[in-house]
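*Asks:* Can you keep this structure in mind? I'll have questions shortly.
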Amino acid sequence: MAAQKGPTTQPNIVYILCDNVGWGEFSCYGGSIPTPRIDKLASEGIRFNNYTVEAQRTPTRTAIMTGRQSVRCGTYTVVPGHGKLGLTPWEYTIAELLSDAGYATSLYGKWHLGDSEGRLPSDQGFDEWWGYRNSVDEAGYASYALFRALTKAKGIETPKIWEGKKGQKPTAVRELDLEVRPVLDELIVEKATDYIQRAAKGDKPFFTYIALSQIHPPEKAHPAFDQTDPSRLGLNADLIAEMDYRVGQIVDSVEKAGIADKTMIVFCSDNASLCVPSSGFGGSNGPWRGDFFTPPTKARCASRRWSDGRAKCRLEWSPRRCYRPTIGTRRSRPWLAPQTRCPPTARWTVSTPPSSCSARARPLAGRLSCSSGRMGR
C-alpha cells in the first residue's frame with residue numbers, strides 16, 4: 001500500500017493476552033466451541049497462522065514486553081529458585097517505549113514478570129496497574145492446610161490482588177483465593193473497560209495490556225457460564241465461552257468510547273493448552289505436537305482492522321535499545337530462525353531452505369544475515 005500523506009495519528013493499543021489456550025480452541029481456528037466475538041475480531045482484521053510462542057508463560061510474556069528472546073533476559077522458565085524473579089530493572093519494555101512516545105499505559109490482570117520492588121508493572125513503564133503479581137495458582141494456596149499452617153507459623157503473606165501507580169508503593173486490595181477465582185476475569189475486564197473509557201477522554205493515546213486469568217489452574221467457571229448451556233460439554237468449554245464474552249466486552253467498550261477508528265486491538269495466547277486426560281480436562285492444540293511445557297508450540301492471534309478496512313495490526317515490534325526477537329522452538333522451518341539479534345534498523349535476509357524436509361536432519365537454528373554491522377548488545 002502506498003504511503004498516505006498528511007499527519008500520522010498514534011493509535012491506541014489494546015493488547016489482550018489469554019492464558020494456556022491452544023490453537024484448536026476457538027471456532028475461527030477450527031475449534032468446536034462457538035466463539036462468535038473472537039471470530040468477528042478475526043474476520044475484521046488479521047488472523048495469524050504462524051505466530052510461534054514459547055512453551056511457558058513467563059518466557060512468552062518476556063518476549064511481548066521486551067521484544068527479546070527470554071533466554072537473553074534470564075526469564076526462560078516459570079520455575080522459582082533462580083534468585084530474584086522477573087525482568088531486571090534495566091530491561092526496556094514496550095510500556096516504557098510507549099511512555100517515551102507520549103502514551104498513557106496500564107495493565108490489568110496477570111503480570112508474572114517479577115514480584116519484588118523494582119520489578120513490578122509500575123517499575124517497568126506502566127502508569128497504573130491492577131492484578132496479581134505471579135500466577136493464579138496462588139488462588140488455591142489458602143485451601144491447603146499446610147499452607148495455612150506455614151502462614152501462621154512463619155508469617156508468610158497470603159496471596160493478594162494488588163494495585164499500583166508509577167512512583168507509588170503498590171497496595172493489596174483483596175485476597176487472591178478460591179472465592180475470587182471464578183469472577184477474576186470479570187473483575188479484570190471491568191477495570192480495563194473503565195480505564196478505556198477514562199483514557200478515551202484524555203489528551204494522550206493509550207496502551208492497555210489486559211492479561212486474562214483463564215485458562216489456568218485452579219480452573220473455576222464463572223457462575224453465569226458454569227454449565228448454563230447444554231451445548232458446552234464441560235469446564236473447558238465454559239471457560240472458553242466466558243473468554244469470548246470478555247473479549248466482546250472489551251471491543252464494545254472501545255466502540256462505546258468512540259475510538260474504534262483509531263484503536264488497534266490484539267488478542268493472543270501465551271502458550272499452548274494444558275491437557276490433563278486423567279482429570280477429563282484439557283483443550284486442543286490442533287495439529288501441533290507441542291504442548292504446555294514442550295515446544296514447538298503454536299498460538300493463535302486475531303487483530304481488528306481499522307474502520308477504513310486497512311490491516312494495521314502487527315505483532316512484531318522493535319523498540320529502541322532493544323532488538324527483534326529471535327524465533328525459537330521452530331522445527332518445521334528452522335532455517336527461518338536467526339542465530340542472533342539485529343538492531344531495529346537492520347534488514348533480515350533468510351537463507352535458502354535446505355533441500356531435506358526432515359526436521360531431524362537439520363539444526364534448530366538457521367542463518368541470518370544482517371545489513372548492519374552491530375550485533376548483540
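We name chains A, B, ... following the order of the C-alpha cells; residues begin at 1 in each chain, and ligands are numbered from 1 as shown.
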Would you pick out the contacts of A:Ala172 at 8 Å or less, using only C-alpha atoms, so that residues sharing its chain but fewer than 2 positions from it are not included, and give the list as a list in words?
*Replies:* Lys160, Ile161, Trp162, Glu163, Pro170, Arg174 and Glu175 of chain A
*Asks:* Please run DSSP on the backbone and report, as JSON, numbers by chain, all residues within stretch 118-227 of chain A that come out as helix (DSSP H, G or I).
*Replies:* {"A": [121, 122, 123, 136, 137, 138, 139, 140, 141, 142, 143, 145, 146, 147, 148, 149, 150, 151, 152, 153, 154, 181, 182, 183, 184, 185, 186, 187, 188, 189, 190, 191, 192, 193, 194, 195, 196, 197, 198, 199, 200]}
*Asks:* Quick one: write out the picked residues with N, CA and C atoms as a compact mmCIF listing (two decimals), in the first residue's frame?
*Replies:*
# COMPACT_ATOMS: atom_id res chain seq x y z
N PRO A 121 4.89 -3.95 37.60
CA PRO A 121 4.48 -3.21 36.40
C PRO A 121 4.75 -1.71 36.48
N SER A 122 4.52 -1.11 37.64
CA SER A 122 4.74 0.33 37.78
C SER A 122 6.22 0.69 37.75
N ASP A 123 7.09 -0.31 37.90
CA ASP A 123 8.53 -0.09 37.77
C ASP A 123 9.01 -0.31 36.34
N VAL A 136 -1.93 -17.33 38.92
CA VAL A 136 -3.21 -17.52 39.61
C VAL A 136 -3.24 -18.86 40.33
N ASP A 137 -2.20 -19.68 40.17
CA ASP A 137 -2.04 -20.87 41.03
C ASP A 137 -2.22 -20.49 42.49
N GLU A 138 -1.73 -19.30 42.83
CA GLU A 138 -1.74 -18.85 44.21
C GLU A 138 -3.15 -18.76 44.80
N ALA A 139 -4.16 -18.69 43.94
CA ALA A 139 -5.54 -18.61 44.43
C ALA A 139 -5.92 -19.85 45.21
N GLY A 140 -5.26 -20.95 44.93
CA GLY A 140 -5.58 -22.19 45.63
C GLY A 140 -4.75 -22.46 46.85
N TYR A 141 -3.74 -21.64 47.11
CA TYR A 141 -2.82 -21.92 48.22
C TYR A 141 -3.55 -22.00 49.56
N ALA A 142 -4.43 -21.06 49.82
CA ALA A 142 -5.08 -20.98 51.12
C ALA A 142 -6.02 -22.15 51.39
N SER A 143 -6.31 -22.94 50.36
CA SER A 143 -7.18 -24.10 50.56
C SER A 143 -6.42 -25.28 51.15
N ALA A 145 -4.19 -27.00 54.06
CA ALA A 145 -3.95 -26.88 55.49
C ALA A 145 -2.49 -26.58 55.79
N LEU A 146 -1.57 -27.19 55.02
CA LEU A 146 -0.15 -26.96 55.24
C LEU A 146 0.21 -25.50 55.00
N PHE A 147 -0.34 -24.91 53.94
CA PHE A 147 -0.04 -23.51 53.65
C PHE A 147 -0.58 -22.61 54.76
N ARG A 148 -1.78 -22.91 55.23
CA ARG A 148 -2.35 -22.10 56.31
C ARG A 148 -1.50 -22.20 57.57
N ALA A 149 -0.96 -23.39 57.82
CA ALA A 149 -0.10 -23.57 58.99
C ALA A 149 1.20 -22.80 58.84
N LEU A 150 1.75 -22.80 57.61
CA LEU A 150 3.00 -22.08 57.37
C LEU A 150 2.82 -20.57 57.48
N THR A 151 1.71 -20.07 56.96
CA THR A 151 1.47 -18.63 57.06
C THR A 151 1.37 -18.19 58.51
N LYS A 152 0.79 -19.06 59.34
CA LYS A 152 0.64 -18.73 60.76
C LYS A 152 1.97 -18.84 61.50
N ALA A 153 2.73 -19.89 61.18
CA ALA A 153 3.98 -20.13 61.90
C ALA A 153 5.12 -19.24 61.42
N LYS A 154 5.18 -18.98 60.12
CA LYS A 154 6.30 -18.24 59.54
C LYS A 154 5.96 -16.80 59.17
N ARG A 181 -11.65 -16.50 42.55
CA ARG A 181 -11.18 -17.13 41.30
C ARG A 181 -12.25 -17.18 40.20
N PRO A 182 -13.49 -17.60 40.47
CA PRO A 182 -14.47 -17.70 39.37
C PRO A 182 -14.80 -16.37 38.70
N VAL A 183 -14.67 -15.26 39.44
CA VAL A 183 -15.08 -13.96 38.90
C VAL A 183 -13.87 -13.08 38.57
N LEU A 184 -12.67 -13.66 38.57
CA LEU A 184 -11.47 -12.85 38.41
C LEU A 184 -11.42 -12.15 37.06
N ASP A 185 -11.76 -12.85 35.98
CA ASP A 185 -11.73 -12.20 34.67
C ASP A 185 -12.80 -11.13 34.53
N GLU A 186 -13.92 -11.32 35.19
CA GLU A 186 -14.95 -10.27 35.21
C GLU A 186 -14.38 -9.00 35.84
N LEU A 187 -13.65 -9.16 36.94
CA LEU A 187 -13.06 -8.00 37.62
C LEU A 187 -11.98 -7.35 36.78
N ILE A 188 -11.15 -8.18 36.13
CA ILE A 188 -10.08 -7.65 35.29
C ILE A 188 -10.65 -6.82 34.14
N VAL A 189 -11.65 -7.37 33.47
CA VAL A 189 -12.24 -6.67 32.33
C VAL A 189 -13.01 -5.43 32.78
N GLU A 190 -13.62 -5.50 33.95
CA GLU A 190 -14.31 -4.32 34.49
C GLU A 190 -13.33 -3.17 34.70
N LYS A 191 -12.17 -3.47 35.27
CA LYS A 191 -11.15 -2.45 35.47
C LYS A 191 -10.62 -1.93 34.13
N ALA A 192 -10.41 -2.85 33.19
CA ALA A 192 -9.85 -2.46 31.89
C ALA A 192 -10.81 -1.59 31.09
N THR A 193 -12.08 -1.96 31.07
CA THR A 193 -13.05 -1.18 30.30
C THR A 193 -13.28 0.19 30.93
N ASP A 194 -13.21 0.25 32.26
CA ASP A 194 -13.30 1.55 32.92
C ASP A 194 -12.13 2.44 32.51
N TYR A 195 -10.94 1.83 32.43
CA TYR A 195 -9.76 2.60 32.01
C TYR A 195 -9.92 3.09 30.57
N ILE A 196 -10.42 2.23 29.69
CA ILE A 196 -10.59 2.62 28.29
C ILE A 196 -11.51 3.84 28.18
N GLN A 197 -12.58 3.84 28.95
CA GLN A 197 -13.50 4.98 28.92
C GLN A 197 -12.81 6.25 29.42
N ARG A 198 -12.01 6.13 30.48
CA ARG A 198 -11.31 7.30 31.01
C ARG A 198 -10.23 7.78 30.04
N ALA A 199 -9.45 6.83 29.52
CA ALA A 199 -8.34 7.20 28.66
C ALA A 199 -8.81 7.81 27.34
N ALA A 200 -9.99 7.38 26.86
CA ALA A 200 -10.52 7.92 25.61
C ALA A 200 -10.82 9.41 25.71
*Asks:* Under the rule that only C-alpha atoms are counted, which of A:Tyr51, A:Tyr209, A:Tyr29, A:Phe267 is the nearest residue to A:Asp127?
*Replies:*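 Distance minimum relative to A:Asp127 lands on A:Tyr209.
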*Asks:* Taking into account only C-alpha atoms, which residue in the set A:Gly131, A:Gly118, A:Gly74, A:Pro11 is nearest to A:Ala101?
*Replies:*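 Comparing A:Gly131, A:Gly118, A:Gly74, A:Pro11 against A:Ala101, the winner is A:Pro11.
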*Asks:* Pick out each residue of stretch 104-311 of chain A that DSSP on the backbone tags as strand (DSSP E); I need them as a PyMOL selection string.
*Replies:* chain A and resi 104-110+128-132+160-165+171-175+206-211+263-269+297-298+301-304
*Asks:* Write out as a PDB file with C-alpha atoms, in the first residue's frame the residues lying within 6 Å of stretch 237-250 of chain A, counting only C-alpha atoms and excluding same-chain residues fewer than 3 positions away.
*Replies:*
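The resulting file, result09.pdb, is shown below:
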ATOM      1  CA  THR A  35     -16.590 -18.114  19.899  1.00  0.00           C
ATOM      2  CA  ARG A  37     -16.898 -12.389  19.308  1.00  0.00           C
ATOM      3  CA  ILE A  38     -13.360 -13.673  18.806  1.00  0.00           C
ATOM      4  CA  ALA A 221     -16.104 -21.299  35.904  1.00  0.00           C
ATOM      5  CA  PHE A 225     -21.180 -19.744  32.439  1.00  0.00           C
ATOM      6  CA  ARG A 232     -20.991 -26.867  26.008  1.00  0.00           C
ATOM      7  CA  GLY A 234     -17.548 -29.488  30.260  1.00  0.00           C
ATOM      8  CA  SER A 253     -16.021  -0.625  25.324  1.00  0.00           C
TER       9      SER A 253
END
